[in-house]
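Asker: Input: one structure, supplied below.
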Amino acid sequence: MPSFALRTVLCALTLLLVSVPAQAKKQELPEVTEDGLHRVPDSRMAIVYAKPGADLSGYESVQLLEAYVAFKKNWERDQRTKSADPLRVTSKDIEEIKSKLAAELHAVFKEVLEEGGYPVVEQAGDKVLLLRPAIINLDVNAPDTMSAGRSRTYADSAGEMTLYVELYDSVTGDLLAKAMDRKSDRSNDAFYTWTNSATNRAAADRILQGWAKILLTALNEARQQPAEAAVPAATE
């Protein structure tokens, strides 16, 4: 569970990411955060801040903490409002979705990082980068639950979610960087498709893999160019 300070940061950055028009974001975001991180423009993620001089080139493995997951505000109410069955989504369903998504994030990041040469370890240590991820503003358009019975739900997109991640030195606890990025499932305006647990998971995996590859790219580029190692690389 995030600390009060982390919750405050999540809320503030989410409001910026969701409500501020794209052209105005650069003007609205502070150049320096209260914890001394500086904004990094033109990054592969929507919002990136890094510690001046932070260097990722020395990290050889990653300690990945369990992800905190939170739904979009009023998501549960909205699901029940648009469904003929007021109990279609239960509190148990919500906790299960959150738990499965947290586990999926860990599995996807672990696979991408380890295939890229960065073992995911359980303990802090020298040359170990600590990641504290959170999935917020989760919006699943058509959750597949047991209470749905044999009915089918069709949607043009599985939904969207926002990643907030903090990078620390696992030994010193120094905050090196933090980033936030919102992604939605590929929407097809031409037709609706049947959504179920398998399609929802596939959509989540596509988004998670994209984020994991951004991190992997940053680590690889840090090794090649230590002086530019603080944050995800500039957009191509």
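FYI, nothing fancy with the structure tokens labels: chains A, B, ... in order, residues from 1 per chain, ligands from 1 as they appear.
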Leaving out Ala67 of chain A and any residue of its chain fewer than 2 positions from it, which residues lie within 12 Å of it when counting only C-alpha atoms, given as number ranges by chain?

Answerer: A: 1-2, 64-65, 69-70, 98-107, 109, 131-136, 163-166

Asker: Can you work out which one of A:Lys92, A:Lys72, A:Arg206, A:Arg44 has the shortest atom-to-atom distance to Asn141 of chain A, counting only C-alpha atoms?

Answerer: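 Closest to Asn141 of chain A, using only C-alpha atoms: A:Lys72.
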
Asker: Could you check how far atom CA of Glu34 of chain A sits from atom CA of Leu176 of chain A, in Å to one decimal?

Answerer: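 Between these atoms lies a distance of 13.7 Å.
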
Asker: Between A:Asp35, A:Val140, A:Asp55, A:Glu66, single out the one closest to Ile94 of chain A, counting only C-alpha atoms.

Answerer: A:Val140

Asker: Pick the closest to Ala204 of chain A from A:Leu129, A:Val108, A:Asp169, A:Asn220: which is it, counting only C-alpha atoms?

Answerer: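 Nearest candidate to Ala204 of chain A out of A:Leu129, A:Val108, A:Asp169, A:Asn220: A:Val108.
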